[in-house]
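**Student:** This is protein_4.csv, which holds CSV, N, CA and C atoms:
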chain,number,residue,atom,x,y,z
A,1,THR,N,0.8,-1.2,0.0
A,1,THR,CA,0.0,0.0,0.0
A,1,THR,C,0.9,1.2,0.0
A,2,ALA,N,0.3,2.4,-0.3
A,2,ALA,CA,1.0,3.6,-0.3
A,2,ALA,C,1.6,4.0,1.0
A,3,THR,N,0.9,3.7,2.1
A,3,THR,CA,1.4,3.9,3.4
A,3,THR,C,2.6,3.1,3.8
A,4,LYS,N,2.6,1.9,3.4
A,4,LYS,CA,3.8,1.0,3.6
A,4,LYS,C,5.0,1.5,2.8
A,5,LEU,N,4.7,1.9,1.6
A,5,LEU,CA,5.9,2.4,0.8
A,5,LEU,C,6.4,3.7,1.4
A,6,MET,N,5.6,4.6,1.8
A,6,MET,CA,6.1,5.8,2.5
A,6,MET,C,6.8,5.5,3.7
A,7,ALA,N,6.3,4.6,4.5
A,7,ALA,CA,7.0,4.2,5.8
A,7,ALA,C,8.4,3.6,5.5
A,8,LEU,N,8.4,2.7,4.5
A,8,LEU,CA,9.7,2.1,4.1
A,8,LEU,C,10.7,3.1,3.6
A,9,GLN,N,10.2,4.1,2.8
A,9,GLN,CA,11.1,5.1,2.3
A,9,GLN,C,11.7,5.9,3.4
A,10,ARG,N,10.8,6.3,4.4
A,10,ARG,CA,11.3,7.1,5.5
A,10,ARG,C,12.3,6.3,6.4
A,11,MET,N,12.0,5.1,6.7
A,11,MET,CA,12.8,4.3,7.5
A,11,MET,C,14.2,4.0,6.8
A,12,SER,N,14.1,3.8,5.5
A,12,SER,CA,15.4,3.5,4.8
A,12,SER,C,16.3,4.8,4.8
A,13,GLU,N,15.7,5.9,4.6
A,13,GLU,CA,16.4,7.2,4.6
A,13,GLU,C,17.1,7.4,6.0
A,14,GLU,N,16.3,7.2,7.0
A,14,GLU,CA,16.9,7.4,8.4
A,14,GLU,C,18.0,6.4,8.6
A,15,ALA,N,17.8,5.1,8.3
A,15,ALA,CA,18.8,4.1,8.5
A,15,ALA,C,20.1,4.4,7.7
A,16,ALA,N,19.9,4.8,6.4
A,16,ALA,CA,21.0,5.1,5.6
A,16,ALA,C,21.8,6.3,6.2
A,17,GLY,N,21.2,7.3,6.6
A,17,GLY,CA,21.9,8.4,7.3
A,17,GLY,C,22.6,8.0,8.5
A,18,PHE,N,22.1,7.2,9.3
A,18,PHE,CA,22.7,6.6,10.5
A,18,PHE,C,24.0,5.8,10.1
A,19,VAL,N,23.8,4.9,9.1
A,19,VAL,CA,24.9,4.1,8.7
A,19,VAL,C,26.1,4.9,8.2
A,20,VAL,N,25.8,5.9,7.3
A,20,VAL,CA,26.9,6.7,6.7
A,20,VAL,C,27.6,7.5,7.8
A,21,MET,N,26.8,8.1,8.7
A,21,MET,CA,27.4,8.9,9.7
A,21,MET,C,28.2,8.0,10.7
A,22,THR,N,27.7,6.9,11.1
A,22,THR,CA,28.4,6.0,12.0
A,22,THR,C,29.6,5.4,11.3
A,23,ASP,N,29.5,4.8,10.1
A,23,ASP,CA,30.6,4.2,9.5
A,23,ASP,C,31.7,5.1,9.2
A,24,PHE,N,31.4,6.3,8.7
A,24,PHE,CA,32.5,7.3,8.4
A,24,PHE,C,33.1,7.9,9.6
A,25,GLY,N,32.4,7.7,10.8
A,25,GLY,CA,33.0,8.1,12.0
A,25,GLY,C,34.0,7.1,12.7
A,26,GLN,N,34.1,6.0,12.0
A,26,GLN,CA,35.0,4.9,12.5
A,26,GLN,C,36.2,4.8,11.5
A,27,PRO,N,37.3,4.2,12.0
A,27,PRO,CA,38.3,3.8,11.1
A,27,PRO,C,37.8,2.7,10.2
A,28,ALA,N,38.4,2.5,9.0
A,28,ALA,CA,37.9,1.6,8.0
A,28,ALA,C,37.7,0.2,8.6
A,29,SER,N,38.7,-0.2,9.5
A,29,SER,CA,38.6,-1.6,10.1
A,29,SER,C,37.4,-1.8,11.0
A,30,GLY,N,36.8,-0.7,11.5
A,30,GLY,CA,35.7,-0.9,12.4
A,30,GLY,C,34.3,-0.6,11.7
A,31,ARG,N,34.3,-0.4,10.4
A,31,ARG,CA,33.0,-0.1,9.7
A,31,ARG,C,32.3,-1.4,9.4
A,32,LYS,N,31.0,-1.2,9.2
A,32,LYS,CA,30.1,-2.3,8.9
A,32,LYS,C,29.8,-2.4,7.4
A,33,LEU,N,29.5,-1.3,6.7
A,33,LEU,CA,29.2,-1.3,5.3
A,33,LEU,C,30.2,-0.6,4.4
A,34,LEU,N,30.6,0.6,4.8
A,34,LEU,CA,31.4,1.4,3.9
A,34,LEU,C,32.9,1.1,4.2
A,35,THR,N,33.4,-0.1,3.9
A,35,THR,CA,34.7,-0.5,4.3
A,35,THR,C,35.8,-0.2,3.3
A,36,LEU,N,35.4,0.1,2.0
A,36,LEU,CA,36.3,0.2,0.9
A,36,LEU,C,36.5,1.7,0.5
A,37,VAL,N,35.8,2.6,1.1
A,37,VAL,CA,35.9,4.0,0.6
A,37,VAL,C,36.0,4.9,1.8
A,38,GLU,N,36.4,6.1,1.6
A,38,GLU,CA,36.4,7.2,2.6
A,38,GLU,C,35.4,8.2,2.1
A,39,PRO,N,35.0,9.2,3.0
A,39,PRO,CA,34.1,10.2,2.6
A,39,PRO,C,34.5,11.0,1.3
A,40,SER,N,35.8,11.1,1.1
A,40,SER,CA,36.3,11.9,0.0
A,40,SER,C,36.6,11.0,-1.3
A,41,THR,N,36.3,9.7,-1.2
A,41,THR,CA,36.6,8.9,-2.4
A,41,THR,C,35.7,9.2,-3.5
A,42,THR,N,36.3,9.5,-4.7
A,42,THR,CA,35.5,9.7,-5.9
A,42,THR,C,36.0,8.9,-7.1
A,43,ASP,N,37.0,8.1,-6.9
A,43,ASP,CA,37.6,7.3,-7.9
A,43,ASP,C,36.5,6.2,-8.3
A,44,GLU,N,36.2,6.2,-9.6
A,44,GLU,CA,35.1,5.3,-10.1
A,44,GLU,C,35.3,3.9,-9.8
A,45,ALA,N,36.5,3.4,-10.0
A,45,ALA,CA,36.8,2.0,-9.7
A,45,ALA,C,36.6,1.6,-8.2
A,46,ALA,N,37.1,2.5,-7.3
A,46,ALA,CA,36.9,2.2,-5.9
A,46,ALA,C,35.4,2.3,-5.5
A,47,VAL,N,34.7,3.3,-6.1
A,47,VAL,CA,33.3,3.4,-5.8
A,47,VAL,C,32.6,2.1,-6.3
A,48,ARG,N,32.9,1.7,-7.5
A,48,ARG,CA,32.2,0.5,-8.0
A,48,ARG,C,32.5,-0.7,-7.1
A,49,GLU,N,33.7,-0.9,-6.6
A,49,GLU,CA,34.0,-2.0,-5.8
A,49,GLU,C,33.2,-1.9,-4.5
A,50,GLN,N,33.0,-0.7,-3.9
A,50,GLN,CA,32.2,-0.6,-2.7
A,50,GLN,C,30.8,-0.9,-3.1
A,51,LEU,N,30.3,-0.5,-4.2
A,51,LEU,CA,28.9,-0.8,-4.6
A,51,LEU,C,28.7,-2.4,-4.7
A,52,VAL,N,29.7,-3.1,-5.3
A,52,VAL,CA,29.6,-4.5,-5.4
A,52,VAL,C,29.5,-5.1,-4.0
A,53,ALA,N,30.3,-4.6,-3.0
A,53,ALA,CA,30.3,-5.1,-1.7
A,53,ALA,C,28.9,-4.8,-1.0
A,54,LEU,N,28.4,-3.6,-1.3
A,54,LEU,CA,27.0,-3.3,-0.7
A,54,LEU,C,25.9,-4.1,-1.3
A,55,HIS,N,26.0,-4.4,-2.6
A,55,HIS,CA,25.0,-5.3,-3.2
A,55,HIS,C,25.1,-6.7,-2.5
A,56,ARG,N,26.3,-7.2,-2.2
A,56,ARG,CA,26.5,-8.5,-1.6
A,56,ARG,C,26.0,-8.4,-0.2
A,57,ARG,N,26.4,-7.4,0.6
A,57,ARG,CA,26.1,-7.3,2.0
A,57,ARG,C,24.6,-7.0,2.3
A,58,VAL,N,24.0,-6.1,1.5
A,58,VAL,CA,22.6,-5.7,1.8
A,58,VAL,C,21.6,-6.6,1.1
A,59,LEU,N,21.8,-6.9,-0.2
A,59,LEU,CA,20.9,-7.7,-0.9
A,59,LEU,C,21.3,-9.2,-1.2
A,60,THR,N,22.4,-9.6,-0.7
A,60,THR,CA,23.0,-10.9,-0.9
A,60,THR,C,23.0,-11.2,-2.4
A,61,LEU,N,23.4,-10.2,-3.2
A,61,LEU,CA,23.6,-10.5,-4.7
A,61,LEU,C,25.0,-10.4,-5.0
A,62,ASP,N,25.5,-11.3,-5.8
A,62,ASP,CA,26.8,-11.2,-6.4
A,62,ASP,C,26.7,-10.5,-7.7
A,63,VAL,N,27.2,-9.3,-7.8
A,63,VAL,CA,27.2,-8.6,-9.1
A,63,VAL,C,28.6,-8.2,-9.5
A,64,ALA,N,28.7,-7.9,-10.8
A,64,ALA,CA,30.0,-7.5,-11.3
A,64,ALA,C,30.2,-6.0,-11.2
A,65,ALA,N,31.4,-5.5,-11.0
A,65,ALA,CA,31.6,-4.1,-11.0
A,65,ALA,C,31.2,-3.4,-12.2
A,66,ASP,N,31.2,-4.1,-13.4
A,66,ASP,CA,30.8,-3.5,-14.6
A,66,ASP,C,29.5,-4.0,-15.1
A,67,GLY,N,28.7,-4.6,-14.2
A,67,GLY,CA,27.4,-5.1,-14.5
A,67,GLY,C,26.3,-4.0,-14.5
A,68,PRO,N,25.1,-4.3,-15.0
A,68,PRO,CA,24.1,-3.3,-15.1
A,68,PRO,C,23.6,-2.9,-13.7
A,69,GLU,N,23.6,-3.7,-12.7
A,69,GLU,CA,23.1,-3.3,-11.4
A,69,GLU,C,24.0,-2.3,-10.8
A,70,VAL,N,25.3,-2.5,-11.0
A,70,VAL,CA,26.3,-1.5,-10.5
A,70,VAL,C,26.3,-0.3,-11.3
A,71,ASP,N,26.1,-0.4,-12.6
A,71,ASP,CA,26.0,0.8,-13.5
A,71,ASP,C,24.9,1.7,-13.0
A,72,ALA,N,23.7,1.1,-12.7
A,72,ALA,CA,22.6,1.9,-12.2
A,72,ALA,C,22.9,2.5,-10.9
A,73,THR,N,23.4,1.7,-10.0
A,73,THR,CA,23.7,2.2,-8.7
A,73,THR,C,24.8,3.3,-8.7
A,74,TYR,N,25.8,3.1,-9.6
A,74,TYR,CA,26.9,4.1,-9.7
A,74,TYR,C,26.3,5.5,-10.2
A,75,ALA,N,25.4,5.4,-11.2
A,75,ALA,CA,24.7,6.6,-11.7
A,75,ALA,C,23.9,7.3,-10.6
A,76,LEU,N,23.3,6.5,-9.7
A,76,LEU,CA,22.6,7.1,-8.6
A,76,LEU,C,23.5,7.8,-7.7
A,77,TRP,N,24.6,7.1,-7.3
A,77,TRP,CA,25.7,7.7,-6.4
A,77,TRP,C,26.2,9.0,-7.0
A,78,ALA,N,26.6,8.9,-8.3
A,78,ALA,CA,27.2,10.1,-9.0
A,78,ALA,C,26.2,11.3,-9.0
A,79,SER,N,25.0,11.0,-9.3
A,79,SER,CA,24.0,12.1,-9.3
A,79,SER,C,23.8,12.8,-7.9
A,80,ALA,N,23.7,12.0,-6.9
A,80,ALA,CA,23.6,12.5,-5.5
A,80,ALA,C,24.9,13.3,-5.1
A,81,ARG,N,26.0,12.7,-5.5
A,81,ARG,CA,27.3,13.3,-5.2
A,81,ARG,C,27.4,14.7,-5.9
A,82,GLN,N,26.9,14.8,-7.1
A,82,GLN,CA,27.0,16.1,-7.8
A,82,GLN,C,26.2,17.2,-7.1
A,83,ARG,N,25.1,16.8,-6.5
A,83,ARG,CA,24.2,17.7,-5.8
A,83,ARG,C,24.7,18.1,-4.4
A,84,ALA,N,25.5,17.2,-3.8
A,84,ALA,CA,26.0,17.5,-2.5
A,84,ALA,C,27.5,17.1,-2.3
A,85,ASP,N,27.7,15.9,-1.9
A,85,ASP,CA,29.0,15.4,-1.7
A,85,ASP,C,29.0,13.8,-1.7
A,86,ALA,N,30.1,13.2,-1.6
A,86,ALA,CA,30.2,11.8,-1.7
A,86,ALA,C,29.4,11.1,-0.6
A,87,ALA,N,29.4,11.7,0.6
A,87,ALA,CA,28.7,11.1,1.7
A,87,ALA,C,27.2,11.1,1.4
A,88,GLU,N,26.7,12.1,0.8
A,88,GLU,CA,25.3,12.1,0.3
A,88,GLU,C,25.0,11.0,-0.7
A,89,GLY,N,26.0,10.8,-1.6
A,89,GLY,CA,25.8,9.7,-2.6
A,89,GLY,C,25.7,8.4,-1.9
A,90,TRP,N,26.5,8.2,-0.8
A,90,TRP,CA,26.4,6.9,-0.1
A,90,TRP,C,25.0,6.8,0.7
A,91,ARG,N,24.5,7.9,1.2
A,91,ARG,CA,23.2,7.9,1.9
A,91,ARG,C,22.1,7.5,0.9
A,92,VAL,N,22.2,8.1,-0.3
A,92,VAL,CA,21.1,7.8,-1.3
A,92,VAL,C,21.2,6.3,-1.8
A,93,VAL,N,22.4,5.9,-2.0
A,93,VAL,CA,22.6,4.5,-2.5
A,93,VAL,C,22.1,3.5,-1.4
A,94,ILE,N,22.5,3.7,-0.2
A,94,ILE,CA,22.1,2.7,0.9
A,94,ILE,C,20.6,2.8,1.1
A,95,SER,N,20.0,4.0,1.0
A,95,SER,CA,18.6,4.1,1.2
A,95,SER,C,17.9,3.4,0.0
A,96,ALA,N,18.4,3.5,-1.2
A,96,ALA,CA,17.8,2.8,-2.3
A,96,ALA,C,17.9,1.3,-2.2
A,97,LEU,N,19.0,0.8,-1.7
A,97,LEU,CA,19.2,-0.6,-1.5
A,97,LEU,C,18.2,-1.2,-0.5
A,98,LEU,N,18.0,-0.4,0.6
A,98,LEU,CA,17.1,-0.8,1.6
A,98,LEU,C,15.7,-0.8,1.2
A,99,GLN,N,15.4,0.0,0.1
A,99,GLN,CA,14.0,0.0,-0.4
A,99,GLN,C,13.8,-1.0,-1.5
A,100,ASP,N,14.8,-1.8,-1.9
A,100,ASP,CA,14.6,-2.8,-2.9
A,100,ASP,C,13.5,-3.8,-2.5
A,101,PRO,N,12.7,-4.1,-3.4
A,101,PRO,CA,11.6,-5.1,-3.0
A,101,PRO,C,12.1,-6.4,-2.4
A,102,ARG,N,13.3,-6.8,-2.8
A,102,ARG,CA,13.8,-8.0,-2.2
A,102,ARG,C,14.1,-7.9,-0.7
A,103,MET,N,14.2,-6.7,-0.2
A,103,MET,CA,14.4,-6.5,1.2
A,103,MET,C,13.0,-6.6,2.0
A,104,VAL,N,11.9,-6.4,1.3
A,104,VAL,CA,10.6,-6.5,1.9
A,104,VAL,C,9.9,-7.7,1.6
A,105,LEU,N,10.0,-8.2,0.4
A,105,LEU,CA,9.2,-9.3,-0.1
A,105,LEU,C,10.2,-10.5,-0.3
A,106,TYR,N,10.2,-11.4,0.6
A,106,TYR,CA,11.1,-12.5,0.5
A,106,TYR,C,10.4,-13.8,0.6
Would you put the structure from the file into C-alpha coordinates?

**Tutor:**
Amino acid sequence: TATKLMALQRMSEEAAGFVVMTDFGQPASGRKLLTLVEPSTTDEAAVREQLVALHRRVLTLDVAADGPEVDATYALWASARQRADAAEGWRVVISALLQDPRMVLY
(Lines of atoms letter the chains of each structure in order from A and count residues from 1; the text may use other names and numbers.)
(Lines give C-alpha, C1' and ligand atoms only; values in the text may rest on other atoms or scores of the structure.)
Protein backbone atom coordinates (compact mmCIF):
# COMPACT_ATOMS: atom_id res chain seq x y z
CA THR A 1 0.00 0.00 0.00
CA ALA A 2 1.01 3.62 -0.32
CA THR A 3 1.37 3.95 3.44
CA LYS A 4 3.77 1.00 3.61
CA LEU A 5 5.86 2.43 0.78
CA MET A 6 6.08 5.83 2.45
CA ALA A 7 7.03 4.24 5.77
CA LEU A 8 9.68 2.09 4.06
CA GLN A 9 11.09 5.14 2.29
CA ARG A 10 11.32 7.13 5.50
CA MET A 11 12.84 4.28 7.51
CA SER A 12 15.41 3.52 4.82
CA GLU A 13 16.42 7.19 4.62
CA GLU A 14 16.87 7.36 8.39
CA ALA A 15 18.80 4.08 8.48
CA ALA A 16 21.04 5.13 5.59
CA GLY A 17 21.85 8.45 7.25
CA PHE A 18 22.74 6.65 10.47
CA VAL A 19 24.91 4.07 8.68
CA VAL A 20 26.87 6.66 6.72
CA MET A 21 27.42 8.90 9.74
CA THR A 22 28.39 5.98 11.98
CA ASP A 23 30.59 4.17 9.45
CA PHE A 24 32.50 7.27 8.39
CA GLY A 25 32.98 8.14 12.05
CA GLN A 26 34.98 4.91 12.50
CA PRO A 27 38.32 3.81 11.08
CA ALA A 28 37.88 1.56 8.02
CA SER A 29 38.63 -1.56 10.08
CA GLY A 30 35.66 -0.86 12.38
CA ARG A 31 33.04 -0.10 9.74
CA LYS A 32 30.10 -2.32 8.87
CA LEU A 33 29.18 -1.34 5.29
CA LEU A 34 31.44 1.39 3.89
CA THR A 35 34.70 -0.48 4.31
CA LEU A 36 36.33 0.24 0.93
CA VAL A 37 35.90 4.01 0.63
CA GLU A 38 36.44 7.21 2.55
CA PRO A 39 34.05 10.18 2.57
CA SER A 40 36.31 11.87 0.00
CA THR A 41 36.63 8.88 -2.36
CA THR A 42 35.46 9.71 -5.87
CA ASP A 43 37.57 7.27 -7.91
CA GLU A 44 35.10 5.34 -10.08
CA ALA A 45 36.83 1.96 -9.71
CA ALA A 46 36.92 2.25 -5.91
CA VAL A 47 33.29 3.39 -5.77
CA ARG A 48 32.22 0.49 -8.00
CA GLU A 49 34.02 -2.02 -5.77
CA GLN A 50 32.22 -0.59 -2.75
CA LEU A 51 28.92 -0.84 -4.63
CA VAL A 52 29.63 -4.52 -5.37
CA ALA A 53 30.27 -5.07 -1.66
CA LEU A 54 27.04 -3.25 -0.73
CA HIS A 55 24.98 -5.34 -3.15
CA ARG A 56 26.49 -8.47 -1.62
CA ARG A 57 26.06 -7.34 1.99
CA VAL A 58 22.62 -5.71 1.79
CA LEU A 59 20.87 -7.70 -0.94
CA THR A 60 22.99 -10.88 -0.91
CA LEU A 61 23.56 -10.45 -4.65
CA ASP A 62 26.83 -11.21 -6.38
CA VAL A 63 27.16 -8.58 -9.09
CA ALA A 64 30.03 -7.50 -11.31
CA ALA A 65 31.62 -4.07 -10.96
CA ASP A 66 30.83 -3.47 -14.64
CA GLY A 67 27.39 -5.10 -14.52
CA PRO A 68 24.05 -3.35 -15.09
CA GLU A 69 23.12 -3.33 -11.40
CA VAL A 70 26.31 -1.50 -10.46
CA ASP A 71 26.01 0.79 -13.50
CA ALA A 72 22.58 1.91 -12.25
CA THR A 73 23.73 2.25 -8.65
CA TYR A 74 26.86 4.15 -9.71
CA ALA A 75 24.71 6.58 -11.71
CA LEU A 76 22.56 7.13 -8.61
CA TRP A 77 25.66 7.70 -6.44
CA ALA A 78 27.20 10.11 -8.99
CA SER A 79 23.98 12.10 -9.31
CA ALA A 80 23.62 12.52 -5.54
CA ARG A 81 27.32 13.35 -5.21
CA GLN A 82 27.01 16.14 -7.79
CA ARG A 83 24.19 17.70 -5.80
CA ALA A 84 25.99 17.54 -2.45
CA ASP A 85 29.03 15.36 -1.68
CA ALA A 86 30.21 11.75 -1.68
CA ALA A 87 28.65 11.08 1.73
CA GLU A 88 25.26 12.11 0.34
CA GLY A 89 25.85 9.74 -2.55
CA TRP A 90 26.35 6.89 -0.08
CA ARG A 91 23.23 7.88 1.87
CA VAL A 92 21.15 7.81 -1.30
CA VAL A 93 22.60 4.48 -2.47
CA ILE A 94 22.11 2.72 0.87
CA SER A 95 18.60 4.10 1.16
CA ALA A 96 17.79 2.81 -2.33
CA LEU A 97 19.20 -0.64 -1.54
CA LEU A 98 17.12 -0.80 1.64
CA GLN A 99 14.01 0.03 -0.40
CA ASP A 100 14.63 -2.78 -2.88
CA PRO A 101 11.58 -5.06 -3.01
CA ARG A 102 13.82 -8.03 -2.20
CA MET A 103 14.36 -6.47 1.23
CA VAL A 104 10.63 -6.46 1.94
CA LEU A 105 9.22 -9.35 -0.10
CA TYR A 106 11.13 -12.52 0.53

**Student:** With distances taken over only C-alpha atoms, which residue among A:Arg10, A:Leu5, A:Ala16, A:Asp85 lies nearest Thr41 (chain A)?

**Tutor:** A:Asp85

**Student:** Point out the residue among A:Ala45, A:Ala2, A:Leu76, A:Ala15 with the least atom-to-atom distance to Glu88 (chain A), counting all atoms listed in the file.

**Tutor:**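 Of the candidates, the smallest distance to Glu88 (chain A) is held by A:Leu76.
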
**Student:** Counting only C-alpha atoms, which residue out of A:Arg91, A:Asp100, A:Ala84, A:Ala72 sits closest to Met21 (chain A)?

**Tutor:**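 Of all the options, A:Arg91 lies closest to Met21 (chain A).
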
**Student:** Measuring atom to atom with only C-alpha atoms, identify which of A:Asp43, A:Gln26, A:Ser79, A:Thr73 is nearest to His55 (chain A).

**Tutor:** A:Thr73

**Student:** Please, what distance in Å, to one decimal, runs between atom C of Glu14 (chain A) and atom N of Leu61 (chain A)?

**Tutor:**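 Separation between atom C of Glu14 (chain A) and atom N of Leu61 (chain A): 21.1 Å.
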
**Student:** Just checking: using only C-alpha atoms, which residue out of A:Ala78, A:Leu33, A:Ala53, A:Leu98 ends up closest to Met11 (chain A)?

**Tutor:** A:Leu98

**Student:** I'd like to know which of A:Ala80, A:Leu59, A:Ala75, A:Leu34 is closest to Leu97 (chain A), using only C-alpha atoms.

**Tutor:**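 Checking each of A:Ala80, A:Leu59, A:Ala75, A:Leu34 against Leu97 (chain A), counting only C-alpha atoms, the winner is A:Leu59.
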
**Student:** Can you measure CA of Gln99 (chain A) to atom N of Val37 (chain A) for me? One decimal in Å is fine.

**Tutor:** 22.0 Å

**Student:** Excluding Asp23 (chain A) and residues on its chain fewer than 4 positions from it, collect all residues at most 7 Å away from it, counting all atoms listed in the file, and give them as a ChimeraX atom specification.

**Tutor:** /A:18-19,27,30-34

**Student:** Which distance in Å separates atom N of Ala86 (chain A) and atom C of Asp62 (chain A), to one decimal?

**Tutor:**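 Computed distance, atom N of Ala86 (chain A) to atom C of Asp62 (chain A), equals 24.7 Å.
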
**Student:** Which residues, written as a list in words, have at least one atom at most 8 Å from Ala64 (chain A), with all atoms listed in the file counted and residues fewer than 2 positions away on the same chain left out?

**Tutor:**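 So, after excluding close chain neighbours, the residues are Arg48, Glu49, Leu51, Val52, Leu61, Asp62, Asp66, Gly67, Pro68, Glu69, Val70 and Asp71 of chain A.
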